[in-house]
Structures are given as structure tokens and as C-alpha cells.
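Asker: Pasting query_38.pdb below, which is PDB, C-alpha atoms.
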ATOM      1  CA  MET A  61      16.266 -11.769  24.597
ATOM      2  CA  ASP A  62      18.466 -12.029  21.533
ATOM      3  CA  ASP A  63      19.747  -8.930  19.722
ATOM      4  CA  MET A  64      19.922  -8.726  15.942
ATOM      5  CA  ALA A  65      21.085  -6.007  13.579
ATOM      6  CA  VAL A  66      18.391  -4.516  11.365
ATOM      7  CA  SER A  67      20.277  -5.542   8.194
ATOM      8  CA  LYS A  68      20.354  -9.195   9.287
ATOM      9  CA  PHE A  69      16.682  -9.024  10.326
ATOM     10  CA  LYS A  70      15.730  -7.588   6.947
ATOM     11  CA  ALA A  71      17.472 -10.449   5.165
ATOM     12  CA  THR A  72      15.999 -13.198   7.385
ATOM     13  CA  CYS A  73      12.694 -11.697   8.535
ATOM     14  CA  LEU A  74      10.437 -14.716   7.897
ATOM     15  CA  ALA A  75      12.912 -17.164   9.399
ATOM     16  CA  VAL A  76      13.272 -14.981  12.513
ATOM     17  CA  MET A  77       9.492 -14.800  12.955
ATOM     18  CA  ASP A  78       9.240 -18.588  12.615
ATOM     19  CA  GLN A  79      12.007 -18.989  15.191
ATOM     20  CA  VAL A  80      10.253 -16.646  17.639
ATOM     21  CA  GLY A  81       6.992 -18.560  17.167
ATOM     22  CA  LYS A  82       8.641 -21.919  17.838
ATOM     23  CA  THR A  83      11.015 -20.998  20.679
ATOM     24  CA  LYS A  84       8.787 -18.314  22.309
ATOM     25  CA  ARG A  85      11.948 -16.202  22.823
ATOM     26  CA  PRO A  86      11.657 -12.538  21.767
ATOM     27  CA  VAL A  87      14.206 -10.878  19.478
ATOM     28  CA  ARG A  88      15.324  -7.235  19.736
ATOM     29  CA  VAL A  89      16.171  -5.539  16.424
ATOM     30  CA  THR A  90      18.879  -2.877  16.701
ATOM     31  CA  ARG A  91      20.197  -0.151  14.427
ATOM     32  CA  PHE A  92      23.722   0.988  15.237
ATOM     33  CA  GLY A  93      23.334  -0.731  18.603
ATOM     34  CA  ILE A  94      20.136   1.172  19.513
ATOM     35  CA  PRO A  95      16.945  -0.926  19.859
ATOM     36  CA  VAL A  96      14.309  -0.039  17.261
ATOM     37  CA  ALA A  97      11.885  -2.982  17.542
ATOM     38  CA  GLU A  98      11.121  -6.122  19.491
ATOM     39  CA  ILE A  99       9.581  -9.242  18.006
ATOM     40  CA  HIS A 100       7.494 -11.147  20.592
ATOM     41  CA  PRO A 101       5.531 -14.385  20.247
ATOM     42  CA  PRO A 102       1.747 -13.933  20.082
ATOM     43  CA  SER A 103      -0.279 -14.132  23.257
ATOM     44  CA  PRO A 104      -2.490 -17.225  23.637
ATOM     45  CA  SER A 105      -5.903 -16.921  22.030
ATOM     46  CA  GLN A 106      -8.939 -16.854  24.334
ATOM     47  CA  ARG A 107     -11.368 -18.049  21.652
ATOM     48  CA  PRO A 108     -11.275 -21.436  19.986
ATOM     49  CA  ILE A 109      -9.766 -21.374  16.503
ATOM     50  CA  THR A 110     -12.455 -23.595  14.981
ATOM     51  CA  TRP A 111     -15.974 -22.435  14.171
ATOM     52  CA  ILE A 112     -17.489 -25.870  14.720
ATOM     53  CA  GLY A 113     -19.669 -25.746  17.814
ATOM     54  CA  SER A 114     -19.367 -21.975  18.205
ATOM     55  CA  MET A 115     -23.188 -21.570  18.220
ATOM     56  CA  ALA A 116     -23.841 -24.362  20.742
ATOM     57  CA  GLY A 117     -26.454 -23.450  23.328
ATOM     58  CA  THR A 118     -27.700 -20.334  21.535
ATOM     59  CA  GLY A 119     -30.953 -21.697  20.037
ATOM     60  CA  LYS A 120     -34.318 -22.606  21.576
ATOM     61  CA  ILE A 121     -36.894 -25.127  20.397
ATOM     62  CA  LEU A 122     -40.410 -23.709  20.742
ATOM     63  CA  GLY A 123     -43.227 -26.223  20.337
ATOM     64  CA  SER A 124     -43.175 -29.446  18.359
ATOM     65  CA  ILE A 125     -40.405 -29.974  15.832
ATOM     66  CA  ILE A 126     -42.351 -32.601  13.828
ATOM     67  CA  ALA A 127     -45.872 -31.134  13.719
ATOM     68  CA  PRO A 128     -46.885 -28.869  10.796
ATOM     69  CA  VAL A 129     -46.779 -25.120  11.385
ATOM     70  CA  SER A 130     -50.444 -24.719  10.417
ATOM     71  CA  HIS A 131     -53.452 -27.024  10.121
ATOM     72  CA  PRO A 132     -53.607 -28.971   6.787
ATOM     73  CA  ASP A 133     -57.042 -27.422   6.036
ATOM     74  CA  GLU A 134     -55.303 -24.050   5.625
ATOM     75  CA  TRP A 135     -52.915 -25.298   2.901
ATOM     76  CA  ASP A 136     -53.713 -24.049  -0.606
ATOM     77  CA  VAL A 137     -52.104 -27.043  -2.274
ATOM     78  CA  LEU A 138     -54.671 -29.450  -0.730
ATOM     79  CA  ARG A 139     -57.716 -27.499  -2.017
TER      80      ARG A 139
END
Output the file's structure in the form of C-alpha cells.
Answerer:
Amino acid sequence: MDDMAVSKFKATCLAVMDQVGKTKRPVRVTRFGIPVAEIHPPSPSQRPITWIGSMAGTGKILGSIIAPVSHPDEWDVLR
């Protein structure tokens, strides 16, 4: 784990977070030599990032998918 002074971290915060994300090495931020924070890479996600296919297998088809819902004699538009 690398140590970094809080003043240097404040000046290069975004670059340090990018570095931690790429190298997966944590950084300890110190103030007067005393640790005040640790920056760790994120843990791996359990869920897929994309939403495509997230509802797969959750629906059921009941009955015919091409037949009308009701008999054509019951339709008002045909009267």
C-alpha cells in the first residue's frame, strides 16, 4: 500500500482514484504521518452492468399468442 500526504492527495485526487482503479493497489492518505483514509479499488459487481436480458425467464405465455382475446361476435366495431 502506498502512502500519500493529504495535501498531495487533495491536489491530485482524481488522478489518484484513476490510478487505484487501474492498478488495483490501495493508497493510504496520511496527515502528519497519521493515516486518515484509505482508498481501495471497488469490489467486483455481482450483477451484470447491462439491462439487456435482465428480465429473461420471468414471463409466461398463457394460451394462444395469435388468437383473438374474445370471439369476433363480441366486438362492437363489427356490429
Asker: Please measure the separation of CA of Ser103 (chain A) and CA of Ala71 (chain A), giving the value in Å to one decimal.
Answerer: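 Pair CA of Ser103 (chain A) / CA of Ala71 (chain A) returns 25.6 Å.
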Asker: Quick one: residues within 9 Å of region 75-88 of chain A, only C-alpha atoms, excluding same-chain residues fewer than 6 positions away - as a PyMOL selection string?
Answerer: chain A and resi 61-65+69+95-102
Asker: For a quick check of understanding, using all atoms listed in the file, which of A:Met115, A:Val137, A:Gly123, A:Val66 has the smallest distance to Ile94 (chain A)?
Answerer: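 Residue with the minimum atom-to-atom distance to Ile94 (chain A): A:Val66.
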Asker: Go ahead and fit an axis-aligned box to every listed atom of region 93-96 of chain A plus 8 Å each side, and pass me the centre and edge lengths in Å, one decimal, as JSON.
Answerer:
{"center_x": 18.8, "center_y": 0.1, "center_z": 18.6, "size_x": 25.0, "size_y": 18.1, "size_z": 18.6}
Asker: Enter the distance from CA of Ser105 (chain A) to CA of Leu74 (chain A), in Å, rounded to one decimal.
Answerer: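 Spanning CA of Ser105 (chain A) to CA of Leu74 (chain A) is a straight-line distance of 21.7 Å.
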Asker: Mind giving me the straight-line distance from CA of Val89 (chain A) to CA of Pro104 (chain A) in Å, one decimal?
Answerer: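 If I compute the distance from CA of Val89 (chain A) to CA of Pro104 (chain A), I get 23.2 Å.
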Asker: Some atoms are missing, so please complete region 62-93 of chain A with N, CA and C atoms and return it as a short mmCIF file (atom, residue, chain, number, x, y, z; two decimals), in the frame of the given file.
Answerer:
data_model
loop_
_atom_site.label_atom_id
_atom_site.label_comp_id
_atom_site.auth_asym_id
_atom_site.auth_seq_id
_atom_site.Cartn_x
_atom_site.Cartn_y
_atom_site.Cartn_z
N ASP A 62 17.36 -12.10 22.49
CA ASP A 62 18.47 -12.03 21.53
C ASP A 62 18.44 -10.69 20.81
N ASP A 63 19.63 -10.15 20.51
CA ASP A 63 19.75 -8.93 19.72
C ASP A 63 20.13 -9.29 18.30
N MET A 64 19.62 -8.48 17.35
CA MET A 64 19.92 -8.73 15.94
C MET A 64 19.99 -7.38 15.23
N ALA A 65 20.97 -7.23 14.37
CA ALA A 65 21.08 -6.01 13.58
C ALA A 65 19.94 -5.93 12.57
N VAL A 66 19.52 -4.72 12.27
CA VAL A 66 18.39 -4.52 11.36
C VAL A 66 18.69 -5.08 9.97
N SER A 67 19.93 -5.01 9.52
CA SER A 67 20.28 -5.54 8.19
C SER A 67 20.11 -7.06 8.16
N LYS A 68 20.52 -7.74 9.22
CA LYS A 68 20.35 -9.20 9.29
C LYS A 68 18.88 -9.56 9.41
N PHE A 69 18.12 -8.77 10.20
CA PHE A 69 16.68 -9.02 10.33
C PHE A 69 15.97 -8.86 8.99
N LYS A 70 16.36 -7.83 8.24
CA LYS A 70 15.73 -7.59 6.95
C LYS A 70 15.97 -8.76 6.00
N ALA A 71 17.15 -9.34 6.06
CA ALA A 71 17.47 -10.45 5.16
C ALA A 71 16.80 -11.76 5.58
N THR A 72 16.53 -11.92 6.88
CA THR A 72 16.00 -13.20 7.38
C THR A 72 14.71 -13.01 8.17
N CYS A 73 13.90 -12.07 7.78
CA CYS A 73 12.69 -11.70 8.54
C CYS A 73 11.77 -12.89 8.77
N LEU A 74 11.39 -13.61 7.74
CA LEU A 74 10.44 -14.72 7.90
C LEU A 74 11.01 -15.83 8.76
N ALA A 75 12.29 -16.12 8.59
CA ALA A 75 12.91 -17.16 9.40
C ALA A 75 12.97 -16.75 10.87
N VAL A 76 13.23 -15.47 11.13
CA VAL A 76 13.27 -14.98 12.51
C VAL A 76 11.89 -15.08 13.14
N MET A 77 10.85 -14.72 12.40
CA MET A 77 9.49 -14.80 12.96
C MET A 77 9.10 -16.25 13.22
N ASP A 78 9.49 -17.17 12.36
CA ASP A 78 9.24 -18.59 12.62
C ASP A 78 9.97 -19.06 13.86
N GLN A 79 11.20 -18.61 14.02
CA GLN A 79 12.01 -18.99 15.19
C GLN A 79 11.36 -18.47 16.48
N VAL A 80 10.90 -17.22 16.46
CA VAL A 80 10.25 -16.65 17.64
C VAL A 80 8.97 -17.41 17.96
N GLY A 81 8.21 -17.80 16.95
CA GLY A 81 6.99 -18.56 17.17
C GLY A 81 7.25 -19.93 17.76
N LYS A 82 8.33 -20.57 17.35
CA LYS A 82 8.64 -21.92 17.84
C LYS A 82 9.29 -21.90 19.21
N THR A 83 10.26 -21.00 19.42
CA THR A 83 11.02 -21.00 20.68
C THR A 83 10.38 -20.13 21.75
N LYS A 84 9.45 -19.25 21.37
CA LYS A 84 8.79 -18.31 22.31
C LYS A 84 9.78 -17.35 22.96
N ARG A 85 10.95 -17.16 22.32
CA ARG A 85 11.95 -16.20 22.82
C ARG A 85 11.89 -14.95 21.96
N PRO A 86 11.72 -13.77 22.56
CA PRO A 86 11.66 -12.54 21.77
C PRO A 86 13.03 -12.17 21.18
N VAL A 87 13.00 -11.36 20.14
CA VAL A 87 14.21 -10.88 19.48
C VAL A 87 14.15 -9.36 19.42
N ARG A 88 15.23 -8.70 19.80
CA ARG A 88 15.32 -7.24 19.74
C ARG A 88 16.10 -6.87 18.48
N VAL A 89 15.53 -6.00 17.65
CA VAL A 89 16.17 -5.54 16.42
C VAL A 89 16.84 -4.20 16.73
N THR A 90 18.13 -4.09 16.38
CA THR A 90 18.88 -2.88 16.70
C THR A 90 19.40 -2.22 15.43
N ARG A 91 19.58 -0.93 15.51
CA ARG A 91 20.20 -0.15 14.43
C ARG A 91 21.32 0.66 15.05
N PHE A 92 22.52 0.37 14.66
CA PHE A 92 23.72 0.99 15.24
C PHE A 92 23.77 0.78 16.75
N GLY A 93 23.30 -0.38 17.19
CA GLY A 93 23.33 -0.73 18.60
C GLY A 93 22.17 -0.19 19.42
#
